[in-house]
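K.L.:
As input, take upload_21.txt (compact mmCIF, C-alpha atoms):
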# COMPACT_ATOMS: atom_id res chain seq x y z
CA MET A 1 66.65 -4.55 -46.12
CA SER A 2 64.11 -7.05 -45.11
CA ALA A 3 65.30 -10.53 -45.81
CA SER A 4 61.85 -11.99 -46.08
CA ARG A 5 60.98 -9.59 -48.88
CA ARG A 6 63.73 -11.05 -50.94
CA GLY A 7 63.32 -14.59 -49.84
CA PHE A 8 61.38 -17.18 -51.67
CA LEU A 9 57.69 -16.79 -51.64
CA ALA A 10 55.83 -19.87 -50.55
CA ALA A 11 53.19 -19.17 -53.11
CA SER A 12 52.91 -22.51 -54.84
CA GLY A 13 49.75 -23.04 -52.82
CA VAL A 14 48.34 -19.79 -54.10
CA ALA A 15 48.82 -20.74 -57.72
CA ALA A 16 47.48 -24.23 -57.29
CA LEU A 17 44.37 -22.93 -55.56
CA ALA A 18 43.77 -20.27 -58.14
CA LEU A 19 44.10 -22.78 -60.94
CA ALA A 20 42.01 -25.39 -59.20
CA ALA A 21 39.30 -22.80 -58.77
CA CYS A 22 39.06 -22.20 -62.49
CA GLY A 23 39.26 -25.86 -63.35
CA GLY A 24 42.51 -25.10 -65.09
CA ASP A 25 45.58 -27.18 -65.60
CA THR A 26 46.94 -27.84 -62.14
CA GLU A 27 49.95 -29.61 -63.58
CA ARG A 28 51.15 -26.39 -65.06
CA GLU A 29 54.90 -26.20 -65.26
CA THR A 30 56.49 -24.05 -62.60
CA PRO A 31 60.14 -24.12 -63.59
CA GLU A 32 61.27 -21.35 -61.30
CA ARG A 33 60.02 -20.34 -57.93
CA GLY A 34 61.65 -16.96 -58.13
CA PRO A 35 60.18 -13.65 -57.13
CA ALA A 36 58.66 -12.95 -60.52
CA SER A 37 56.70 -16.17 -60.46
CA GLY A 38 55.61 -15.41 -56.89
CA ASP A 39 54.15 -12.12 -58.04
CA LEU A 40 52.51 -13.86 -60.99
CA ASP A 41 50.85 -16.32 -58.62
CA ILE A 42 49.51 -13.47 -56.53
CA LEU A 43 48.26 -11.62 -59.59
CA ASN A 44 46.48 -14.74 -60.83
CA PHE A 45 44.96 -15.38 -57.41
CA ALA A 46 43.60 -11.81 -57.39
CA LEU A 47 42.49 -12.16 -61.00
CA VAL A 48 40.43 -15.25 -60.25
CA LEU A 49 38.68 -13.37 -57.43
CA GLU A 50 38.00 -10.42 -59.71
CA TYR A 51 36.68 -12.69 -62.51
CA PHE A 52 34.43 -14.25 -59.91
CA GLU A 53 33.10 -10.93 -58.61
CA GLU A 54 32.66 -9.46 -62.10
CA ASP A 55 30.72 -12.53 -63.15
CA PHE A 56 28.51 -12.33 -60.06
CA TYR A 57 27.55 -8.67 -60.52
CA ARG A 58 27.04 -9.09 -64.26
CA GLN A 59 24.54 -11.86 -63.57
CA VAL A 60 22.88 -9.85 -60.79
CA LEU A 61 22.28 -7.05 -63.29
CA GLU A 62 21.28 -9.33 -66.18
CA ASN A 63 18.77 -11.17 -64.04
CA ASP A 64 17.40 -7.95 -62.57
CA ILE A 65 17.81 -9.16 -59.00
CA VAL A 66 18.16 -5.83 -57.20
CA SER A 67 15.69 -3.00 -56.85
CA SER A 68 16.34 0.32 -58.54
CA ALA A 69 17.53 1.85 -55.25
CA ASN A 70 20.52 -0.51 -55.15
CA ARG A 71 20.97 -1.01 -58.87
CA ARG A 72 23.11 2.08 -59.24
CA LEU A 73 25.53 0.91 -56.57
CA ILE A 74 25.73 -2.58 -58.05
CA ARG A 75 26.30 -1.18 -61.52
CA GLN A 76 29.15 0.97 -60.25
CA ILE A 77 30.74 -1.93 -58.40
CA HIS A 78 30.41 -4.10 -61.50
CA ARG A 79 32.20 -1.49 -63.59
CA HIS A 80 35.03 -1.44 -61.06
CA GLU A 81 35.41 -5.21 -61.04
CA ARG A 82 35.57 -5.21 -64.82
CA ARG A 83 38.42 -2.71 -64.71
CA HIS A 84 40.19 -4.73 -62.01
CA VAL A 85 39.97 -7.80 -64.25
CA ALA A 86 41.43 -5.90 -67.20
CA ALA A 87 44.29 -4.46 -65.13
CA LEU A 88 45.19 -7.77 -63.52
CA GLU A 89 44.98 -9.68 -66.81
CA ALA A 90 47.39 -7.20 -68.36
CA ALA A 91 49.75 -7.38 -65.38
CA ALA A 92 49.68 -11.19 -65.33
CA ASP A 93 50.25 -11.40 -69.08
CA LYS A 94 53.36 -9.29 -68.67
CA LEU A 95 54.84 -11.81 -66.23
CA GLY A 96 53.50 -15.00 -67.80
CA THR A 97 50.09 -16.45 -68.45
CA ALA A 98 46.94 -14.99 -66.97
CA ALA A 99 44.53 -17.40 -65.25
CA SER A 100 41.23 -18.17 -66.94
CA PRO A 101 37.82 -17.28 -65.52
CA PRO A 102 36.09 -19.79 -63.25
CA GLN A 103 32.72 -21.30 -64.12
CA THR A 104 30.20 -20.06 -61.58
CA SER A 105 26.71 -20.81 -60.40
CA PHE A 106 24.71 -18.31 -58.35
CA GLU A 107 21.20 -19.63 -59.05
CA ASP A 108 20.50 -20.50 -55.42
CA VAL A 109 21.52 -17.04 -54.28
CA PHE A 110 19.46 -15.25 -56.90
CA GLY A 111 16.50 -17.56 -56.29
CA ALA A 112 16.48 -16.50 -52.63
CA GLY A 113 15.96 -12.87 -53.61
CA GLU A 114 17.54 -9.46 -53.26
CA GLY A 115 18.34 -9.61 -49.55
CA ARG A 116 20.29 -12.82 -49.86
CA THR A 117 21.99 -11.57 -53.03
CA LEU A 118 23.19 -8.40 -51.30
CA ARG A 119 24.38 -10.31 -48.24
CA THR A 120 26.30 -12.61 -50.57
CA ALA A 121 27.79 -9.59 -52.33
CA LEU A 122 28.88 -8.28 -48.95
CA ASP A 123 30.52 -11.60 -48.16
CA PHE A 124 32.38 -11.55 -51.49
CA GLU A 125 33.62 -7.99 -50.95
CA ASN A 126 34.75 -8.66 -47.40
CA THR A 127 36.50 -11.79 -48.64
CA GLY A 128 38.10 -9.92 -51.53
CA ALA A 129 39.40 -7.15 -49.29
CA ALA A 130 40.78 -9.70 -46.82
CA ALA A 131 42.40 -11.65 -49.66
CA TYR A 132 44.26 -8.60 -50.96
CA LEU A 133 45.28 -7.75 -47.41
CA GLY A 134 46.69 -11.24 -46.97
CA GLN A 135 48.84 -10.99 -50.11
CA ALA A 136 50.03 -7.37 -49.95
CA ASN A 137 53.20 -7.97 -47.97
CA LYS A 138 54.12 -10.95 -50.13
CA VAL A 139 54.30 -8.92 -53.34
CA ARG A 140 57.85 -8.21 -54.42
CA SER A 141 57.45 -5.67 -57.18
CA ASN A 142 56.63 -2.17 -56.00
CA ALA A 143 54.58 -1.41 -59.08
CA ILE A 144 52.42 -4.49 -58.52
CA LEU A 145 52.13 -3.68 -54.82
CA ALA A 146 50.92 -0.15 -55.61
CA ASP A 147 48.29 -1.56 -58.00
CA ALA A 148 47.17 -4.17 -55.48
CA LEU A 149 46.83 -1.53 -52.76
CA SER A 150 44.78 0.71 -55.00
CA ILE A 151 42.37 -2.18 -55.62
CA HIS A 152 42.39 -3.36 -51.99
CA THR A 153 40.91 -0.13 -50.67
CA VAL A 154 38.28 -0.08 -53.41
CA GLU A 155 37.15 -3.58 -52.40
CA ALA A 156 36.94 -2.28 -48.84
CA ARG A 157 34.82 0.66 -49.99
CA HIS A 158 32.51 -1.74 -51.84
CA ALA A 159 32.17 -3.83 -48.70
CA ALA A 160 31.32 -0.82 -46.56
CA ALA A 161 28.82 0.47 -49.11
CA ILE A 162 27.00 -2.85 -49.33
CA ALA A 163 27.13 -3.23 -45.55
CA ASP A 164 25.37 0.10 -45.34
CA VAL A 165 22.47 -0.93 -47.58
CA THR A 166 22.08 -4.33 -45.92
CA GLY A 167 22.23 -2.95 -42.38
CA ALA A 168 25.39 -4.91 -41.58
CA THR A 169 28.41 -3.42 -39.86
CA TYR A 170 30.91 -1.71 -42.14
CA LEU A 171 33.78 -2.53 -39.78
CA PRO A 172 33.33 -6.29 -39.26
CA ASP A 173 36.84 -6.66 -37.79
CA GLY A 174 36.85 -3.45 -35.76
CA ALA A 175 39.72 -0.98 -36.09
CA PHE A 176 42.14 -3.43 -37.74
CA ALA A 177 41.05 -5.46 -40.75
CA THR A 178 41.81 -9.19 -40.65
CA PRO A 179 43.63 -10.76 -43.60
CA LEU A 180 42.66 -14.11 -45.10
CA GLU A 181 45.02 -16.67 -46.54
CA PRO A 182 44.28 -18.25 -49.93
CA PRO A 183 42.81 -21.52 -48.57
CA GLN A 184 40.31 -19.59 -46.44
CA VAL A 185 39.46 -17.36 -49.39
CA MET A 186 38.93 -20.28 -51.73
CA ALA A 187 36.78 -22.08 -49.16
CA ARG A 188 34.42 -19.10 -49.22
CA ILE A 189 34.01 -18.96 -52.97
CA ARG A 190 34.19 -22.66 -53.78
CA PRO A 191 30.45 -23.26 -53.14
CA TYR A 192 29.76 -21.06 -56.18
CA ILE A 193 32.28 -22.67 -58.52
CA VAL A 194 31.08 -25.46 -60.78
CA MET B 1 59.53 -6.87 -64.94
CA SER B 2 62.95 -5.57 -65.81
CA ALA B 3 61.76 -1.98 -65.89
CA GLU B 4 60.44 -2.22 -62.37
CA PHE B 5 62.23 -1.75 -59.13
CA THR B 6 61.89 -4.09 -56.25
CA ARG B 7 60.93 -2.43 -53.04
CA GLY B 8 64.44 -2.70 -51.69
CA GLN B 9 65.90 -0.99 -54.71
CA LEU B 10 63.31 1.74 -54.61
CA LEU B 11 64.45 2.80 -51.18
CA THR B 12 67.92 3.50 -52.39
CA ARG B 13 66.64 5.86 -55.02
CA GLY B 14 67.42 9.45 -54.26
CA ALA B 15 63.97 10.73 -55.03
CA ALA B 16 62.30 8.66 -52.37
CA LEU B 17 64.69 9.75 -49.68
CA ALA B 18 64.71 13.37 -50.75
CA GLY B 19 60.94 13.44 -50.45
CA ALA B 20 61.11 11.65 -47.15
CA THR B 21 63.62 14.06 -45.70
CA ALA B 22 61.55 17.07 -46.73
CA THR B 23 58.55 15.59 -44.95
CA LEU B 24 60.56 15.02 -41.82
CA ALA B 25 60.81 18.69 -41.08
CA ALA B 26 57.43 18.15 -39.46
CA PHE B 27 58.68 15.52 -37.05
CA GLY B 28 61.73 16.83 -35.32
CA PRO B 29 65.43 16.18 -35.13
CA ALA B 30 65.43 12.57 -33.94
CA THR B 31 63.82 11.30 -37.11
CA MET B 32 65.80 13.64 -39.31
CA LYS B 33 68.93 12.13 -37.89
CA ALA B 34 67.72 8.59 -38.48
CA VAL B 35 67.25 9.26 -42.15
CA ALA B 36 70.51 11.19 -42.43
CA ASP B 37 72.29 8.23 -40.88
CA GLY B 38 71.30 6.00 -43.75
CA GLY B 39 67.61 5.93 -43.40
CA ASN B 40 65.05 4.30 -41.27
CA VAL B 41 62.26 4.74 -43.71
CA ASP B 42 59.91 2.49 -41.75
CA LEU B 43 60.20 4.79 -38.75
CA GLU B 44 59.58 7.76 -40.95
CA VAL B 45 56.44 6.19 -42.44
CA ALA B 46 55.29 5.22 -38.94
CA GLN B 47 55.75 8.81 -37.71
CA PHE B 48 53.89 10.09 -40.73
CA ALA B 49 51.00 7.68 -40.16
CA LEU B 50 50.95 8.55 -36.46
CA LEU B 51 50.55 12.23 -37.28
CA LEU B 52 47.62 11.48 -39.60
CA GLU B 53 45.94 9.23 -37.07
CA ARG B 54 46.41 11.77 -34.28
CA LEU B 55 44.82 14.39 -36.49
CA GLU B 56 41.86 12.13 -37.25
CA ALA B 57 41.43 10.92 -33.67
CA ASP B 58 41.50 14.47 -32.33
CA TYR B 59 38.96 15.53 -34.95
CA TYR B 60 36.40 12.88 -34.05
CA VAL B 61 36.91 13.02 -30.29
CA ARG B 62 36.37 16.77 -30.36
CA ALA B 63 33.44 16.40 -32.76
CA LEU B 64 31.61 14.30 -30.17
CA ASN B 65 31.84 17.21 -27.73
CA GLU B 66 31.52 20.14 -30.06
CA VAL B 67 29.36 19.37 -33.10
CA PRO B 68 25.65 20.09 -32.55
CA PHE B 69 24.51 16.81 -34.12
CA SER B 70 20.93 16.48 -35.30
CA SER B 71 21.35 13.23 -37.24
CA PRO B 72 21.98 10.13 -35.11
CA SER B 73 23.68 8.58 -38.13
CA ALA B 74 26.28 11.37 -38.29
CA ARG B 75 26.84 11.17 -34.55
CA ASN B 76 27.27 7.38 -34.70
CA MET B 77 29.79 7.84 -37.44
CA ALA B 78 31.81 10.28 -35.33
CA SER B 79 31.69 7.92 -32.39
CA THR B 80 32.77 4.84 -34.36
CA PHE B 81 35.54 6.75 -36.16
CA ALA B 82 36.81 8.23 -32.87
CA ASP B 83 37.11 4.71 -31.52
CA SER B 84 38.98 3.27 -34.53
CA GLU B 85 41.32 6.24 -34.91
CA THR B 86 42.21 6.18 -31.22
CA GLN B 87 43.16 2.53 -31.59
CA HIS B 88 45.25 3.36 -34.64
CA VAL B 89 47.06 6.07 -32.66
CA ASP B 90 47.84 3.61 -29.86
CA ALA B 91 49.16 1.01 -32.30
CA LEU B 92 51.34 3.51 -34.15
CA GLU B 93 52.76 5.05 -30.97
CA GLN B 94 53.78 1.55 -29.98
CA LEU B 95 55.27 0.91 -33.41
CA VAL B 96 57.28 4.15 -33.36
CA ARG B 97 58.74 3.18 -29.98
CA GLN B 98 59.55 -0.32 -31.24
CA LEU B 99 61.49 1.30 -34.06
CA SER B 100 63.42 3.31 -31.46
CA GLY B 101 61.69 6.52 -32.39
CA ARG B 102 60.03 9.03 -30.13
CA ALA B 103 56.27 9.27 -30.36
CA GLY B 104 56.31 12.54 -28.47
CA ARG B 105 53.07 14.37 -27.97
CA ALA B 106 50.43 15.12 -30.53
CA PRO B 107 50.61 18.62 -31.97
CA LYS B 108 47.69 20.95 -31.35
CA PHE B 109 45.24 20.85 -34.22
CA ASP B 110 42.97 23.59 -35.48
CA PHE B 111 39.95 22.53 -37.49
CA GLY B 112 38.60 26.00 -38.09
CA PRO B 113 34.82 26.08 -38.48
CA ALA B 114 34.56 22.36 -39.38
CA LEU B 115 33.29 21.38 -35.94
CA THR B 116 30.69 24.14 -35.63
CA ASN B 117 27.97 22.37 -37.61
CA GLU B 118 27.10 18.89 -38.75
CA GLU B 119 27.33 19.50 -42.48
CA ASP B 120 30.86 20.89 -42.32
CA PHE B 121 31.85 18.15 -39.91
CA VAL B 122 30.78 15.48 -42.43
CA LYS B 123 32.49 17.26 -45.33
CA THR B 124 35.81 17.48 -43.52
CA ALA B 125 35.49 13.89 -42.26
CA ARG B 126 35.10 12.81 -45.87
CA VAL B 127 38.22 14.72 -46.89
CA LEU B 128 40.27 13.36 -44.00
CA GLU B 129 39.30 9.74 -44.71
CA ASP B 130 39.83 9.88 -48.47
CA THR B 131 43.18 11.57 -47.84
CA GLY B 132 44.07 8.92 -45.28
CA VAL B 133 43.46 6.16 -47.83
CA SER B 134 45.63 7.87 -50.44
CA ALA B 135 48.32 8.60 -47.86
CA TYR B 136 48.67 4.98 -46.76
CA ASN B 137 48.44 3.70 -50.33
CA GLY B 138 51.22 6.08 -51.34
CA ALA B 139 53.51 5.41 -48.39
CA ALA B 140 53.03 1.65 -48.02
CA PRO B 141 55.34 0.62 -50.89
CA LEU B 142 58.20 2.46 -49.14
CA ILE B 143 57.90 0.18 -46.11
CA GLU B 144 60.70 -2.37 -45.88
CA ASN B 145 59.51 -4.56 -43.04
CA ASP B 146 56.81 -7.04 -44.07
CA GLU B 147 55.07 -7.03 -40.70
CA ILE B 148 54.81 -3.26 -40.68
CA LEU B 149 53.46 -3.38 -44.21
CA ALA B 150 50.82 -5.86 -43.04
CA THR B 151 49.82 -3.56 -40.18
CA ALA B 152 49.58 -0.60 -42.54
CA GLY B 153 47.29 -2.72 -44.72
CA GLN B 154 45.08 -3.58 -41.77
CA ILE B 155 44.72 0.11 -40.98
CA VAL B 156 44.23 1.41 -44.52
CA GLN B 157 41.42 -1.04 -45.13
CA VAL B 158 39.61 0.48 -42.17
CA GLU B 159 40.33 3.99 -43.46
CA ALA B 160 38.76 2.96 -46.78
CA ARG B 161 35.69 1.63 -45.00
CA HIS B 162 35.46 4.90 -43.08
CA ALA B 163 35.83 6.84 -46.32
CA ALA B 164 32.93 4.96 -47.92
CA ARG B 165 30.80 5.53 -44.82
CA ALA B 166 31.65 9.24 -44.67
CA ARG B 167 30.95 9.66 -48.38
CA ARG B 168 27.51 8.12 -48.01
CA GLN B 169 26.86 10.43 -45.07
CA ALA B 170 27.83 13.32 -47.35
CA GLY B 171 25.54 12.07 -50.13
CA LEU B 172 28.47 11.09 -52.35
CA PRO B 173 29.15 7.76 -54.11
CA PRO B 174 31.09 5.58 -51.63
CA ALA B 175 33.56 4.22 -54.17
CA PRO B 176 33.98 6.81 -56.91
CA LEU B 177 37.00 5.24 -58.61
CA ALA B 178 37.99 1.74 -59.71
CA PHE B 179 41.50 2.37 -58.37
CA ASP B 180 42.07 4.54 -55.34
CA ARG B 181 44.55 7.32 -55.87
CA SER B 182 47.76 7.46 -53.91
CA LEU B 183 49.47 10.57 -52.62
CA THR B 184 53.12 11.05 -51.75
CA MET B 185 53.96 11.96 -48.18
CA ASP B 186 54.83 15.47 -49.33
CA GLU B 187 51.46 15.87 -51.03
CA VAL B 188 49.71 14.69 -47.89
CA MET B 189 51.70 17.07 -45.70
CA VAL B 190 50.57 19.99 -47.85
CA LYS B 191 46.96 19.00 -47.10
CA VAL B 192 47.58 18.33 -43.42
CA ARG B 193 49.71 21.33 -42.50
CA PRO B 194 46.82 23.84 -42.39
CA TYR B 195 45.29 21.81 -39.55
CA ILE B 196 48.42 21.96 -37.41
CA LYS B 197 48.43 24.91 -35.01
CA LYS B 198 51.46 27.14 -35.11
CA ARG B 199 53.11 27.40 -31.77
In structure tokens, write the structure found in this file.

P.N.:
Amino acid sequence: MSASRRGFLAASGVAALALAACGGDTERETPERGPASGDLDILNFALVLEYFEEDFYRQVLENDIVSSANRRLIRQIHRHERRHVAALEAAADKLGTAASPPQTSFEDVFGAGEGRTLRTALDFENTGAAAYLGQANKVRSNAILADALSIHTVEARHAAAIADVTGATYLPDGAFATPLEPPQVMARIRPYIV
Amino acid sequence: MSAEFTRGQLLTRGAALAGATATLAAFGPATMKAVADGGNVDLEVAQFALLLERLEADYYVRALNEVPFSSPSARNMASTFADSETQHVDALEQLVRQLSGRAGRAPKFDFGPALTNEEDFVKTARVLEDTGVSAYNGAAPLIENDEILATAGQIVQVEARHAARARRQAGLPPAPLAFDRSLTMDEVMVKVRPYIKKR
């Protein structure tokens, strides 16, 4: 058995970052730092990212930013993010309290047009995939791990699909994807959080 | 939470090991023994992943020589995939040895008519990549060692990116589902076995 799997998860940073991102209560009580609360922190971290992505694509569609050629792809991705939000909210509620959605602002991105909007979408998807990759081996529950993995590869598919329409590379890290830790992830999305 | 098993507990469940042992018939006596001796599931997953990556690498390397490509985009895809899968094979051979297993040699693969024309090449590439994603997603929760799990994650993300690319090449939606399916190792072996040449 792997000792680290059972050891304490140093996830307090994850929870604090996730909560800070949504302007939530950072003085939330964390009575136990057991495995269940570690998994809850990871779920809420993922949930905040999914809220963020869902919000972004919803606004892209509402504001009619992308041309009809790409609208179908964006609509499909948006539907996926909505389902990821629902699944993660339900999973987080089972273990404790689900995080709340962050307040976002994408006006500058949308104002710069479709190209910039799609490049930003690509950045979000690459960041999302890397964020899941960074957390996967910290999850303790097998059921939650299986769910996280099934979302991780969908985020990767989104990234590759958007890379294709923007002319970017679909394998930005080569043959082995690079994980990102929560502080790096939050640094990438913080410019869009108000 | 109480209804769930932690990953450690899961490994002790008979079902997981029974499935694992059945799959091992494909890998030879050394691995069979490891599992019989109380189980080195990480080695078994590594051997399983190595077989899949060898299959994929062989497919794309041969495609570059054999498929009469007319579309540069399809040829580029084969070339990029050949490169990534070869790197995955190298990494997994190393991992198997680290786990005191024997990487052995790749079996001979038979891809039937898939490499005779571009359209069939793309179709089979799509199947292999989508299957690869489901295979890793299904096997990863069995992995005990956190570092090996991280490596599997690094590889499966690339498989998913390949799958999206191959699906677009085939004119299919790149991400058809909100949650990727997972397959058990046994289910994957049923799909893979037809490609392995009988001796």

K.L.:
Which one is closest to Asp93 of chain A: A:Tyr132, A:Ser37, A:Asp147, A:Leu118? Count all atoms listed in the file.

P.N.:
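Using all atoms listed in the file, the shortest distance to Asp93 of chain A belongs to A:Ser37.
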
K.L.:
Please, which residues of chain B lie no more than 7 Å from chain A when the count uses only C-alpha atoms, and can they be set out as a PyMOL selection string?

P.N.:
chain B and resi 1+4-8+84+87+137+141+144-146+149-150+153-155+157-158+160-161+164-165+174-175+178-181

K.L.:
Can you spit out the residues from that selection as a CSV table (one decimal), keeping the file's coordinate frame, using C-alpha atoms?

P.N.:
chain,number,residue,atom,x,y,z
B,1,MET,CA,59.5,-6.9,-64.9
B,4,GLU,CA,60.4,-2.2,-62.4
B,5,PHE,CA,62.2,-1.8,-59.1
B,6,THR,CA,61.9,-4.1,-56.2
B,7,ARG,CA,60.9,-2.4,-53.0
B,8,GLY,CA,64.4,-2.7,-51.7
B,84,SER,CA,39.0,3.3,-34.5
B,87,GLN,CA,43.2,2.5,-31.6
B,137,ASN,CA,48.4,3.7,-50.3
B,141,PRO,CA,55.3,0.6,-50.9
B,144,GLU,CA,60.7,-2.4,-45.9
B,145,ASN,CA,59.5,-4.6,-43.0
B,146,ASP,CA,56.8,-7.0,-44.1
B,149,LEU,CA,53.5,-3.4,-44.2
B,150,ALA,CA,50.8,-5.9,-43.0
B,153,GLY,CA,47.3,-2.7,-44.7
B,154,GLN,CA,45.1,-3.6,-41.8
B,155,ILE,CA,44.7,0.1,-41.0
B,157,GLN,CA,41.4,-1.0,-45.1
B,158,VAL,CA,39.6,0.5,-42.2
B,160,ALA,CA,38.8,3.0,-46.8
B,161,ARG,CA,35.7,1.6,-45.0
B,164,ALA,CA,32.9,5.0,-47.9
B,165,ARG,CA,30.8,5.5,-44.8
B,174,PRO,CA,31.1,5.6,-51.6
B,175,ALA,CA,33.6,4.2,-54.2
B,178,ALA,CA,38.0,1.7,-59.7
B,179,PHE,CA,41.5,2.4,-58.4
B,180,ASP,CA,42.1,4.5,-55.3
B,181,ARG,CA,44.6,7.3,-55.9

K.L.:
Within 9 Å of segment 92-101 of chain B, counting all atoms listed in the file, which residues qualify if same-chain residues fewer than 4 places away don't, as a PyMOL selection string?

P.N.:
chain B and resi 30-31+34+40+42-44+46-47+49-50+53+87-88+148

K.L.:
I need the residues from that last selection saved to file as a short mmCIF file (atom, residue, chain, number, x, y, z; two decimals), in the coordinates of the input (with C-alpha atoms), if you can.

P.N.:
data_model
loop_
_atom_site.label_atom_id
_atom_site.label_comp_id
_atom_site.auth_asym_id
_atom_site.auth_seq_id
_atom_site.Cartn_x
_atom_site.Cartn_y
_atom_site.Cartn_z
CA ALA B 30 65.43 12.57 -33.94
CA THR B 31 63.82 11.30 -37.11
CA ALA B 34 67.72 8.59 -38.48
CA ASN B 40 65.05 4.30 -41.27
CA ASP B 42 59.91 2.49 -41.75
CA LEU B 43 60.20 4.79 -38.75
CA GLU B 44 59.58 7.76 -40.95
CA ALA B 46 55.29 5.22 -38.94
CA GLN B 47 55.75 8.81 -37.71
CA ALA B 49 51.00 7.68 -40.16
CA LEU B 50 50.95 8.55 -36.46
CA GLU B 53 45.94 9.23 -37.07
CA GLN B 87 43.16 2.53 -31.59
CA HIS B 88 45.25 3.36 -34.64
CA ILE B 148 54.81 -3.26 -40.68
#

K.L.:
Around (27.4, -13.3, -51.1) in the file's frame, which residues reach within 10 Å when counting all atoms listed in the file? Return as a count of residues only?

P.N.:
20

K.L.:
Could you jot down the atom CA of Gln103 of chain A to atom CA of Val185 of chain A separation for me, Å, one decimal place?

P.N.:
16.7 Å

K.L.:
Interatomic distance between atom CA of Ile143 of chain B and atom CA of Asp39 of chain A?

P.N.:
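Pair atom CA of Ile143 of chain B / atom CA of Asp39 of chain A returns 17.5 Å.
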
K.L.:
Do you have the atom CA of Pro72 of chain B-atom CA of Glu56 of chain B distance handy?

P.N.:
20.1 Å

K.L.:
Taking 6 positions as the minimum chain separation for residues in the same chain, which residues sit within 7 Å of Glu159 of chain B when counting all atoms listed in the file? Answer as number ranges by chain.

P.N.:
B: 129, 132-133

K.L.:
Pick out the residues sitting within 8 Å of Asp110 of chain B, and hand them over as a ChimeraX atom specification; count all atoms listed in the file, and ignore anything fewer than 2 positions along from it in its own chain.

P.N.:
/B:108,112,194-197

K.L.:
For Phe69 of chain B, work out the shell of residues within 12 Å, counting only C-alpha atoms and skipping chain neighbours fewer than 2 positions away, then give it as a list in words.

P.N.:
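The neighbour list is Ala63, Leu64, Asn65, Glu66, Val67, Ser71, Pro72, Ser73, Ala74, Arg75, Asn76, Met77, Ala78, Ser79, Leu115, Thr116, Asn117, Glu118, Glu119, Asp120, Phe121 and Val122 of chain B.
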